[in-house]
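Enquirer: So I've got this file, target.cif, and it contains mmCIF, C-alpha atoms:
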```cif
data_final
loop_
_atom_site.group_PDB
_atom_site.id
_atom_site.type_symbol
_atom_site.label_atom_id
_atom_site.label_comp_id
_atom_site.auth_asym_id
_atom_site.auth_seq_id
_atom_site.Cartn_x
_atom_site.Cartn_y
_atom_site.Cartn_z
ATOM 1 C CA ALA G 342 0.499 -24.987 -21.614
ATOM 2 C CA ASP G 343 -1.627 -28.149 -21.753
ATOM 3 C CA TRP G 344 -4.465 -26.283 -20.049
ATOM 4 C CA LEU G 345 -4.576 -23.331 -22.479
ATOM 5 C CA PRO G 346 -7.115 -24.981 -24.857
ATOM 6 C CA PHE G 347 -9.561 -25.101 -21.932
ATOM 7 C CA ALA G 348 -9.163 -21.410 -21.062
ATOM 8 C CA GLY G 349 -11.902 -20.219 -23.440
ATOM 9 C CA LEU G 350 -14.373 -22.823 -22.197
ATOM 10 C CA ALA G 351 -13.575 -22.013 -18.564
ATOM 11 C CA VAL G 352 -14.038 -18.262 -19.068
ATOM 12 C CA PHE G 353 -17.302 -18.834 -20.959
ATOM 13 C CA LEU G 354 -18.737 -21.100 -18.257
ATOM 14 C CA LEU G 355 -17.645 -18.855 -15.382
ATOM 15 C CA GLY G 356 -19.008 -15.770 -17.127
ATOM 16 C CA TYR G 357 -22.355 -17.381 -17.940
ATOM 17 C CA VAL G 358 -22.737 -18.714 -14.404
ATOM 18 C CA HIS G 359 -21.951 -15.264 -13.006
ATOM 19 C CA VAL G 360 -24.571 -13.600 -15.234
ATOM 20 C CA LEU G 361 -27.268 -16.001 -14.014
ATOM 21 C CA TYR G 362 -25.969 -15.615 -10.459
ATOM 22 C CA MET G 363 -26.541 -11.853 -10.653
ATOM 23 C CA PHE G 364 -29.952 -12.436 -12.247
ATOM 24 C CA TYR G 365 -31.141 -14.643 -9.388
ATOM 25 C CA THR G 366 -29.643 -12.200 -6.890
ATOM 26 C CA ARG G 367 -31.667 -9.354 -8.352
ATOM 27 C CA TYR G 368 -34.866 -11.398 -8.091
ATOM 28 C CA LYS G 369 -33.948 -12.484 -4.522
ATOM 29 C CA ALA G 370 -33.967 -16.155 -5.480
ATOM 30 C CA PHE G 371 -31.584 -16.976 -2.650
ATOM 31 C CA LYS G 372 -32.793 -20.561 -2.404
ATOM 32 C CA VAL G 373 -31.738 -21.178 -6.014
ATOM 33 C CA LEU G 374 -28.326 -19.617 -5.333
ATOM 34 C CA THR G 375 -27.842 -21.722 -2.212
ATOM 35 C CA TYR G 376 -28.583 -24.978 -4.011
ATOM 36 C CA GLY G 377 -26.361 -23.836 -6.864
ATOM 37 C CA ARG G 378 -23.427 -23.356 -4.503
ATOM 38 C CA ILE G 379 -24.033 -26.782 -2.937
ATOM 39 C CA ILE G 380 -24.130 -28.457 -6.356
ATOM 40 C CA GLU G 381 -20.988 -26.620 -7.459
ATOM 41 C CA ALA G 382 -19.042 -27.600 -4.333
ATOM 42 C CA PHE G 383 -20.274 -31.221 -4.432
ATOM 43 C CA VAL G 384 -19.394 -31.781 -8.102
ATOM 44 C CA LEU G 385 -16.048 -29.973 -7.827
ATOM 45 C CA ASN G 386 -14.848 -31.911 -4.793
ATOM 46 C CA SER G 387 -16.323 -35.260 -5.876
ATOM 47 C CA PHE G 388 -14.670 -35.284 -9.293
ATOM 48 C CA THR G 389 -11.421 -33.906 -7.881
ATOM 49 C CA ILE G 390 -11.318 -36.922 -5.547
ATOM 50 C CA ILE G 391 -12.475 -39.395 -8.224
ATOM 51 C CA PHE G 392 -9.818 -38.273 -10.716
ATOM 52 C CA TRP G 393 -7.058 -37.899 -8.097
ATOM 53 C CA PHE G 394 -4.789 -40.197 -10.114
ATOM 54 C CA THR G 395 -4.583 -37.586 -12.888
ATOM 55 C CA GLY G 396 -2.820 -35.127 -10.574
ATOM 56 C CA ALA G 397 -3.546 -31.468 -11.178
ATOM 57 C CA TRP G 398 -5.857 -32.375 -14.060
ATOM 58 C CA ALA G 399 -8.372 -33.518 -11.444
ATOM 59 C CA MET G 400 -8.813 -29.899 -10.316
ATOM 60 C CA LEU G 401 -9.394 -28.699 -13.894
ATOM 61 C CA ILE G 402 -11.864 -31.494 -14.662
ATOM 62 C CA GLY G 403 -13.704 -30.877 -11.386
ATOM 63 C CA MET G 404 -13.919 -27.123 -11.982
ATOM 64 C CA LEU G 405 -15.276 -27.476 -15.541
ATOM 65 C CA LEU G 406 -17.820 -30.142 -14.596
ATOM 66 C CA ALA G 407 -18.911 -28.117 -11.544
ATOM 67 C CA GLN G 408 -19.591 -25.035 -13.697
ATOM 68 C CA ILE G 409 -21.517 -27.125 -16.236
ATOM 69 C CA ALA G 410 -23.599 -28.706 -13.458
ATOM 70 C CA VAL G 411 -24.510 -25.401 -11.797
ATOM 71 C CA LEU G 412 -25.225 -23.827 -15.199
ATOM 72 C CA LEU G 413 -27.676 -26.620 -16.063
ATOM 73 C CA PHE G 414 -29.307 -26.204 -12.650
ATOM 74 C CA TYR G 415 -29.710 -22.437 -13.157
ATOM 75 C CA PHE G 416 -31.214 -23.018 -16.597
ATOM 76 C CA LYS G 417 -33.674 -25.534 -15.179
ATOM 77 C CA LYS G 418 -34.882 -23.035 -12.574
ATOM 78 C CA PHE G 419 -34.983 -20.190 -15.099
ATOM 79 C CA LYS G 420 -38.280 -21.347 -16.633
ATOM 80 C CA LYS G 421 -40.093 -20.613 -13.364
ATOM 81 C CA PHE G 422 -39.652 -16.879 -13.963
ATOM 82 C CA ASN G 423 -42.294 -15.339 -16.189
ATOM 83 C CA PHE G 424 -41.173 -12.588 -18.553
ATOM 84 C CA ASN G 425 -42.804 -10.530 -21.262
ATOM 85 C CA HIS G 426 -40.778 -11.631 -24.272
ATOM 86 C CA SER G 427 -42.600 -9.218 -26.595
ATOM 87 C CA ASN G 428 -40.321 -6.382 -25.462
ATOM 88 C CA LYS G 429 -37.036 -6.653 -27.321
ATOM 89 C CA ILE G 430 -33.887 -5.511 -25.557
ATOM 90 C CA ASP G 431 -31.501 -3.178 -27.380
ATOM 91 C CA PHE G 432 -28.267 -4.796 -26.222
ATOM 92 C CA VAL G 433 -26.112 -2.137 -27.916
ATOM 93 C CA SER G 434 -27.789 0.648 -25.917
ATOM 94 C CA VAL G 435 -27.522 -1.363 -22.699
ATOM 95 C CA ALA G 436 -23.827 -2.020 -23.346
ATOM 96 C CA LYS G 437 -23.167 1.685 -23.935
ATOM 97 C CA GLU G 438 -25.119 2.655 -20.830
ATOM 98 C CA HIS G 439 -22.972 0.379 -18.645
ATOM 99 C CA SER G 440 -19.676 0.810 -20.515
ATOM 100 C CA ASN G 441 -17.977 2.312 -17.446
ATOM 101 C CA TYR G 442 -18.365 -0.926 -15.479
ATOM 102 C CA PRO G 443 -15.631 -2.939 -17.237
ATOM 103 C CA LYS G 444 -13.368 0.124 -17.417
ATOM 104 C CA TYR G 445 -13.163 0.229 -13.636
ATOM 105 C CA ASN G 446 -13.882 -3.372 -12.701
ATOM 106 C CA ILE G 447 -11.216 -5.006 -14.899
ATOM 107 C CA LEU G 448 -8.401 -3.082 -13.186
ATOM 108 C CA LEU G 449 -9.920 -3.734 -9.756
ATOM 109 C CA GLY G 450 -10.321 -7.433 -10.514
ATOM 110 C CA PHE G 451 -6.738 -7.678 -11.762
ATOM 111 C CA LEU G 452 -5.346 -5.972 -8.644
ATOM 112 C CA ASP G 453 -7.442 -8.209 -6.387
ATOM 113 C CA MET G 454 -6.229 -11.343 -8.180
ATOM 114 C CA PHE G 455 -2.610 -10.161 -8.088
ATOM 115 C CA GLN G 456 -2.910 -9.410 -4.371
ATOM 116 C CA SER G 457 -4.201 -12.925 -3.639
ATOM 117 C CA GLN G 458 -1.860 -14.813 -6.001
ATOM 118 C CA SER G 459 1.350 -12.777 -5.832
ATOM 119 C CA GLY G 460 2.540 -14.698 -2.760
ATOM 120 C CA VAL G 461 2.443 -17.999 -4.634
ATOM 121 C CA LEU G 462 3.882 -16.559 -7.852
ATOM 122 C CA LEU G 463 6.796 -14.826 -6.122
ATOM 123 C CA GLY G 464 7.224 -17.724 -3.722
ATOM 124 C CA THR G 465 8.291 -20.040 -6.556
ATOM 125 C CA ILE G 466 11.554 -18.090 -6.684
ATOM 126 C CA LEU G 467 12.349 -18.408 -2.981
ATOM 127 C CA PHE G 468 10.725 -21.624 -1.732
ATOM 128 C CA GLN G 469 10.337 -25.287 -2.642
ATOM 129 C CA SER G 470 7.113 -26.617 -4.146
ATOM 130 C CA ALA G 471 6.217 -28.536 -0.963
ATOM 131 C CA ILE G 472 6.330 -25.356 1.123
ATOM 132 C CA LEU G 473 4.266 -23.490 -1.472
ATOM 133 C CA GLY G 474 1.757 -26.326 -1.470
ATOM 134 C CA LEU G 475 1.308 -26.045 2.296
ATOM 135 C CA TYR G 476 1.017 -22.264 1.974
ATOM 136 C CA GLY G 477 -1.661 -22.550 -0.703
ATOM 137 C CA PHE G 478 -3.547 -25.153 1.337
ATOM 138 C CA SER G 479 -3.443 -22.912 4.414
ATOM 139 C CA MET G 480 -4.706 -19.930 2.439
ATOM 140 C CA ARG G 481 -7.653 -21.961 1.161
ATOM 141 C CA ILE G 482 -8.575 -22.932 4.720
ATOM 142 C CA LEU G 483 -8.244 -19.347 5.938
ATOM 143 C CA GLN G 484 -10.535 -18.131 3.163
ATOM 144 C CA VAL G 485 -13.356 -20.532 4.079
ATOM 145 C CA PRO G 486 -14.769 -18.291 6.864
ATOM 146 C CA LEU G 487 -14.634 -15.311 4.507
ATOM 147 C CA TRP G 488 -16.611 -17.175 1.847
ATOM 148 C CA LEU G 489 -19.101 -18.506 4.395
ATOM 149 C CA ILE G 490 -19.762 -14.957 5.600
ATOM 150 C CA MET G 491 -19.481 -12.922 2.419
ATOM 151 C CA ARG G 492 -21.466 -15.140 0.052
ATOM 152 C CA PRO G 493 -24.806 -14.774 1.901
ATOM 153 C CA VAL G 494 -24.103 -11.125 2.745
ATOM 154 C CA SER G 495 -23.278 -10.334 -0.880
ATOM 155 C CA HIS G 496 -26.581 -11.907 -2.008
ATOM 156 C CA VAL G 497 -28.500 -9.461 0.146
ATOM 157 C CA PHE G 498 -26.248 -6.520 -0.700
ATOM 158 C CA PHE G 499 -26.520 -6.828 -4.481
ATOM 159 C CA SER G 500 -30.286 -7.248 -4.294
ATOM 160 C CA ARG G 501 -30.746 -4.235 -2.007
ATOM 161 C CA ALA G 502 -28.228 -2.143 -3.957
ATOM 162 C CA SER G 503 -30.127 -2.655 -7.212
ATOM 163 C CA GLU G 504 -33.343 -1.571 -5.485
ATOM 164 C CA TYR G 505 -31.684 1.544 -4.060
ATOM 165 C CA TYR G 506 -30.287 2.412 -7.491
ATOM 166 C CA ARG G 507 -33.650 2.059 -9.222
ATOM 167 C CA GLU G 508 -35.309 4.228 -6.541
ATOM 168 C CA ASN G 509 -32.483 6.837 -6.580
ATOM 169 C CA LYS G 510 -31.745 6.294 -2.886
ATOM 170 C CA PRO G 511 -28.260 7.016 -1.423
ATOM 171 C CA ILE G 512 -26.341 3.745 -1.171
ATOM 172 C CA PHE G 513 -23.750 4.805 1.423
ATOM 173 C CA PRO G 514 -25.907 3.848 4.478
ATOM 174 C CA LEU G 515 -26.423 0.371 3.006
ATOM 175 C CA VAL G 516 -22.684 -0.081 2.374
ATOM 176 C CA SER G 517 -21.864 1.058 5.920
ATOM 177 C CA LYS G 518 -24.404 -1.358 7.395
ATOM 178 C CA ILE G 519 -23.081 -4.270 5.325
ATOM 179 C CA ILE G 520 -19.474 -3.559 6.347
ATOM 180 C CA LEU G 521 -20.431 -3.425 10.036
ATOM 181 C CA THR G 522 -22.514 -6.616 9.767
ATOM 182 C CA ALA G 523 -19.718 -8.511 8.011
ATOM 183 C CA PHE G 524 -17.202 -7.269 10.589
ATOM 184 C CA LEU G 525 -19.317 -8.479 13.521
ATOM 185 C CA LEU G 526 -19.939 -11.848 11.875
ATOM 186 C CA ALA G 527 -16.238 -12.329 11.164
ATOM 187 C CA ILE G 528 -14.952 -11.537 14.669
ATOM 188 C CA PRO G 529 -15.556 -15.050 16.171
ATOM 189 C CA PHE G 530 -13.781 -16.793 13.260
ATOM 190 C CA PHE G 531 -10.735 -14.563 13.409
ATOM 191 C CA LEU G 532 -10.496 -14.715 17.211
ATOM 192 C CA ILE G 533 -10.375 -18.504 16.971
ATOM 193 C CA LEU G 534 -7.599 -18.284 14.374
ATOM 194 C CA VAL G 535 -5.637 -15.709 16.394
ATOM 195 C CA PHE G 536 -5.618 -17.768 19.608
ATOM 196 C CA PHE G 537 -5.792 -21.347 18.289
ATOM 197 C CA GLY G 538 -4.595 -21.044 14.683
ATOM 198 C CA ALA G 539 -1.115 -22.461 15.302
ATOM 199 C CA ASP G 540 -2.487 -25.584 17.010
ATOM 200 C CA LEU G 541 -5.230 -26.069 14.431
ATOM 201 C CA PHE G 542 -2.809 -25.896 11.511
ATOM 202 C CA ALA G 543 -0.269 -28.078 13.258
#
```
If you convert what's in this file into structure tokens, what do you get?

Expert:
Amino acid sequence: ADWLPFAGLAVFLLGYVHVLYMFYTRYKAFKVLTYGRIIEAFVLNSFTIIFWFTGAWAMLIGMLLAQIAVLLFYFKKFKKFNFNHSNKIDFVSVAKEHSNYPKYNILLGFLDMFQSQSGVLLGTILFQSAILGLYGFSMRILQVPLWLIMRPVSHVFFSRASEYYRENKPIFPLVSKIILTAFLLAIPFFLILVFFGADLFA
């Protein structure tokens, strides 16, 4: 309940960062995105450690400051892109043209979030907080290889996908190639976890 006043600010920052993230992806500014991720991770973890004495508030403070830091960095790099500002954008027409996106993506996003968080939410009924804490910590560690693989791959995918769409090319071959590439990149990480996961977590 104490965190609810920060919900609007958090959603605004995350949304704005994501918009600029997609912008830089479209223009293949992968170097900007890489530095942005480094800044975000550094600020988040640094302030979480610095404000450890505040308990869970440290995570909220770190997340908000990390989004502000990466947003300022994206804005600073934005001026390097030259645009013709004489052409005004009809935002209403653009919104109508892409109105199907939120219709499908909101449900998909909700199901994805429920799938990843349902274990913790339902676990509060059956397990103690210490066990849930270890479970959540383990899940974060397990997701690191996925993020390391999928972040760079997604940069390339979104950029290529937008090009294919503009040129009216079929996107299925690109999706198939990305899935195969991600699968091959992930195999070493998951083999290590399968054979040595118990010892590593112990």

Enquirer: Quick one: of G:Tyr505, G:Ile390, G:Gln484, G:Lys437, who's nearest to Phe531 of chain G, counting only C-alpha atoms?

Expert: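 Selected residue with least distance to Phe531 of chain G: G:Gln484.
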
Enquirer: Between atom CA of Gly377 of chain G and atom CA of Val411 of chain G, what distance in Å does the model show, to one decimal?

Expert: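 Between atom CA of Gly377 of chain G and atom CA of Val411 of chain G the gap works out to 5.5 Å.
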
Enquirer: Tell me which protein, DNA and RNA residues are within 12 Å of Phe383 of chain G, counting only C-alpha atoms, leaving out same-chain ones fewer than 3 positions away, and put them as a PyMOL selection string.

Expert: chain G and resi 376-380+386-391+403-404+406-408+410-411

Enquirer: In Å, with one decimal, what is the gap from atom CA of Leu350 of chain G to atom CA of Leu405 of chain G?

Expert: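 A separation of 8.2 Å between them.
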
Enquirer: Counting only C-alpha atoms, which residue out of G:Arg367, G:Leu412, G:Thr522, G:Ala399 sits closest to Leu355 of chain G?

Expert: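 Looking at the shortest contact to Leu355 of chain G, the residue is G:Leu412.
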
Enquirer: To test the calculation: enclose all listed atoms of segment 527-543 of chain G in a box whose edges run along x, y and z, add 3 Å on each side, then state centre and edge lengths in Å to one decimal, as lines of an AutoDock Vina configuration file.

Expert:
```
center_x = -8.3
center_y = -19.8
center_z = 15.4
size_x = 22.0
size_y = 22.5
size_z = 14.4
```

Enquirer: When you look at segment 469-479 of chain G with a cut-off of 12 Å (counting all atoms listed in the file), what residues show up, excluding the ones that are within fewer than 6 positions of it in the same chain? I need them as a list of chain:residue names.

Expert: G:Ser457, G:Gln458, G:Ser459, G:Gly460, G:Val461, G:Leu462, G:Leu463, G:Val485, G:Leu534, G:Gly538, G:Ala539, G:Leu541, G:Phe542, G:Ala543

Enquirer: Name the closest residue to Ile490 of chain G among the candidates G:Glu438, G:Phe468, G:Leu525, G:Pro514; distances are taken between atoms, counting all atoms listed in the file.

Expert: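 Between G:Glu438, G:Phe468, G:Leu525, G:Pro514, the residue approaching Ile490 of chain G most closely is G:Leu525.
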
Enquirer: Please expand the PyMOL selection byres ((chain G and resi 499) around 12) into the concrete residues it hits in this file, giving the result as a list in words.

Expert: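 Selected by the PyMOL selection byres ((chain G and resi 499) around 12) here: Tyr362, Met363, Phe364, Tyr365, Thr366, Arg367, Tyr368, Lys369, Ala370, Phe371, Met491, Arg492, Pro493, Val494, Ser495, His496, Val497, Phe498, Ser500, Arg501, Ala502, Ser503, Glu504, Tyr505, Tyr506, Ile512, Leu515, Val516 and Ile519 of chain G.
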
Enquirer: For atom CA of Phe414 of chain G and atom CA of Val373 of chain G, determine how far apart the two atoms are, in Å to one decimal place.

Expert: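 Those two atoms sit 8.7 Å apart.
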
Enquirer: In terms of the shortest atom-to-atom distance over all atoms listed in the file, which of G:Leu401, G:Ala523, G:Leu483, G:Leu448 is closest to Asp343 of chain G?

Expert: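 Selected residue with least distance to Asp343 of chain G: G:Leu401.
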
Enquirer: Could you add N, CA and C atoms to segment 446-472 of chain G and give me the result as a PDB file, in the coordinates of the input?

Expert:
```pdb
ATOM      1  N   ASN G 446     -13.876  -2.076 -13.366  1.00  0.00           N
ATOM      2  CA  ASN G 446     -13.882  -3.372 -12.701  1.00  0.00           C
ATOM      3  C   ASN G 446     -12.737  -4.272 -13.147  1.00  0.00           C
ATOM      4  N   ILE G 447     -12.297  -4.152 -14.411  1.00  0.00           N
ATOM      5  CA  ILE G 447     -11.216  -5.006 -14.899  1.00  0.00           C
ATOM      6  C   ILE G 447      -9.932  -4.720 -14.122  1.00  0.00           C
ATOM      7  N   LEU G 448      -9.603  -3.435 -13.942  1.00  0.00           N
ATOM      8  CA  LEU G 448      -8.401  -3.082 -13.186  1.00  0.00           C
ATOM      9  C   LEU G 448      -8.525  -3.536 -11.730  1.00  0.00           C
ATOM     10  N   LEU G 449      -9.698  -3.315 -11.143  1.00  0.00           N
ATOM     11  CA  LEU G 449      -9.920  -3.734  -9.756  1.00  0.00           C
ATOM     12  C   LEU G 449      -9.802  -5.242  -9.613  1.00  0.00           C
ATOM     13  N   GLY G 450     -10.400  -5.975 -10.552  1.00  0.00           N
ATOM     14  CA  GLY G 450     -10.321  -7.433 -10.514  1.00  0.00           C
ATOM     15  C   GLY G 450      -8.894  -7.933 -10.672  1.00  0.00           C
ATOM     16  N   PHE G 451      -8.132  -7.285 -11.559  1.00  0.00           N
ATOM     17  CA  PHE G 451      -6.738  -7.678 -11.762  1.00  0.00           C
ATOM     18  C   PHE G 451      -5.913  -7.446 -10.501  1.00  0.00           C
ATOM     19  N   LEU G 452      -6.093  -6.276  -9.866  1.00  0.00           N
ATOM     20  CA  LEU G 452      -5.346  -5.972  -8.644  1.00  0.00           C
ATOM     21  C   LEU G 452      -5.718  -6.932  -7.519  1.00  0.00           C
ATOM     22  N   ASP G 453      -6.999  -7.278  -7.422  1.00  0.00           N
ATOM     23  CA  ASP G 453      -7.442  -8.209  -6.387  1.00  0.00           C
ATOM     24  C   ASP G 453      -6.837  -9.593  -6.612  1.00  0.00           C
ATOM     25  N   MET G 454      -6.811 -10.039  -7.862  1.00  0.00           N
ATOM     26  CA  MET G 454      -6.229 -11.343  -8.180  1.00  0.00           C
ATOM     27  C   MET G 454      -4.719 -11.344  -7.926  1.00  0.00           C
ATOM     28  N   PHE G 455      -4.050 -10.246  -8.307  1.00  0.00           N
ATOM     29  CA  PHE G 455      -2.610 -10.161  -8.088  1.00  0.00           C
ATOM     30  C   PHE G 455      -2.295 -10.176  -6.595  1.00  0.00           C
ATOM     31  N   GLN G 456      -3.124  -9.466  -5.822  1.00  0.00           N
ATOM     32  CA  GLN G 456      -2.910  -9.410  -4.371  1.00  0.00           C
ATOM     33  C   GLN G 456      -3.021 -10.796  -3.747  1.00  0.00           C
ATOM     34  N   SER G 457      -3.978 -11.607  -4.234  1.00  0.00           N
ATOM     35  CA  SER G 457      -4.201 -12.925  -3.639  1.00  0.00           C
ATOM     36  C   SER G 457      -3.230 -13.981  -4.171  1.00  0.00           C
ATOM     37  N   GLN G 458      -2.709 -13.789  -5.392  1.00  0.00           N
ATOM     38  CA  GLN G 458      -1.860 -14.813  -6.001  1.00  0.00           C
ATOM     39  C   GLN G 458      -0.382 -14.459  -6.027  1.00  0.00           C
ATOM     40  N   SER G 459      -0.042 -13.202  -5.727  1.00  0.00           N
ATOM     41  CA  SER G 459       1.350 -12.777  -5.832  1.00  0.00           C
ATOM     42  C   SER G 459       2.255 -13.560  -4.883  1.00  0.00           C
ATOM     43  N   GLY G 460       1.730 -13.930  -3.709  1.00  0.00           N
ATOM     44  CA  GLY G 460       2.540 -14.698  -2.760  1.00  0.00           C
ATOM     45  C   GLY G 460       3.003 -16.012  -3.341  1.00  0.00           C
ATOM     46  N   VAL G 461       2.093 -16.713  -4.028  1.00  0.00           N
ATOM     47  CA  VAL G 461       2.443 -17.999  -4.634  1.00  0.00           C
ATOM     48  C   VAL G 461       3.382 -17.793  -5.819  1.00  0.00           C
ATOM     49  N   LEU G 462       3.068 -16.792  -6.653  1.00  0.00           N
ATOM     50  CA  LEU G 462       3.882 -16.559  -7.852  1.00  0.00           C
ATOM     51  C   LEU G 462       5.310 -16.163  -7.489  1.00  0.00           C
ATOM     52  N   LEU G 463       5.463 -15.253  -6.548  1.00  0.00           N
ATOM     53  CA  LEU G 463       6.796 -14.826  -6.122  1.00  0.00           C
ATOM     54  C   LEU G 463       7.478 -15.890  -5.265  1.00  0.00           C
ATOM     55  N   GLY G 464       6.665 -16.693  -4.584  1.00  0.00           N
ATOM     56  CA  GLY G 464       7.224 -17.724  -3.722  1.00  0.00           C
ATOM     57  C   GLY G 464       7.951 -18.813  -4.479  1.00  0.00           C
ATOM     58  N   THR G 465       7.608 -19.011  -5.762  1.00  0.00           N
ATOM     59  CA  THR G 465       8.291 -20.040  -6.556  1.00  0.00           C
ATOM     60  C   THR G 465       9.771 -19.738  -6.713  1.00  0.00           C
ATOM     61  N   ILE G 466      10.147 -18.480  -6.568  1.00  0.00           N
ATOM     62  CA  ILE G 466      11.554 -18.090  -6.684  1.00  0.00           C
ATOM     63  C   ILE G 466      12.320 -18.429  -5.415  1.00  0.00           C
ATOM     64  N   LEU G 467      11.658 -18.318  -4.270  1.00  0.00           N
ATOM     65  CA  LEU G 467      12.349 -18.408  -2.981  1.00  0.00           C
ATOM     66  C   LEU G 467      12.156 -19.728  -2.251  1.00  0.00           C
ATOM     67  N   PHE G 468      11.050 -20.448  -2.535  1.00  0.00           N
ATOM     68  CA  PHE G 468      10.725 -21.624  -1.732  1.00  0.00           C
ATOM     69  C   PHE G 468      10.539 -22.858  -2.605  1.00  0.00           C
ATOM     70  N   GLN G 469      10.574 -24.029  -1.951  1.00  0.00           N
ATOM     71  CA  GLN G 469      10.337 -25.287  -2.642  1.00  0.00           C
ATOM     72  C   GLN G 469       8.842 -25.496  -2.870  1.00  0.00           C
ATOM     73  N   SER G 470       8.514 -26.387  -3.793  1.00  0.00           N
ATOM     74  CA  SER G 470       7.113 -26.617  -4.146  1.00  0.00           C
ATOM     75  C   SER G 470       6.302 -27.164  -2.974  1.00  0.00           C
ATOM     76  N   ALA G 471       6.939 -27.971  -2.116  1.00  0.00           N
ATOM     77  CA  ALA G 471       6.217 -28.536  -0.963  1.00  0.00           C
ATOM     78  C   ALA G 471       5.779 -27.438   0.000  1.00  0.00           C
ATOM     79  N   ILE G 472       6.664 -26.462   0.229  1.00  0.00           N
ATOM     80  CA  ILE G 472       6.330 -25.356   1.123  1.00  0.00           C
ATOM     81  C   ILE G 472       5.221 -24.504   0.506  1.00  0.00           C
TER      82      ILE G 472
END
```
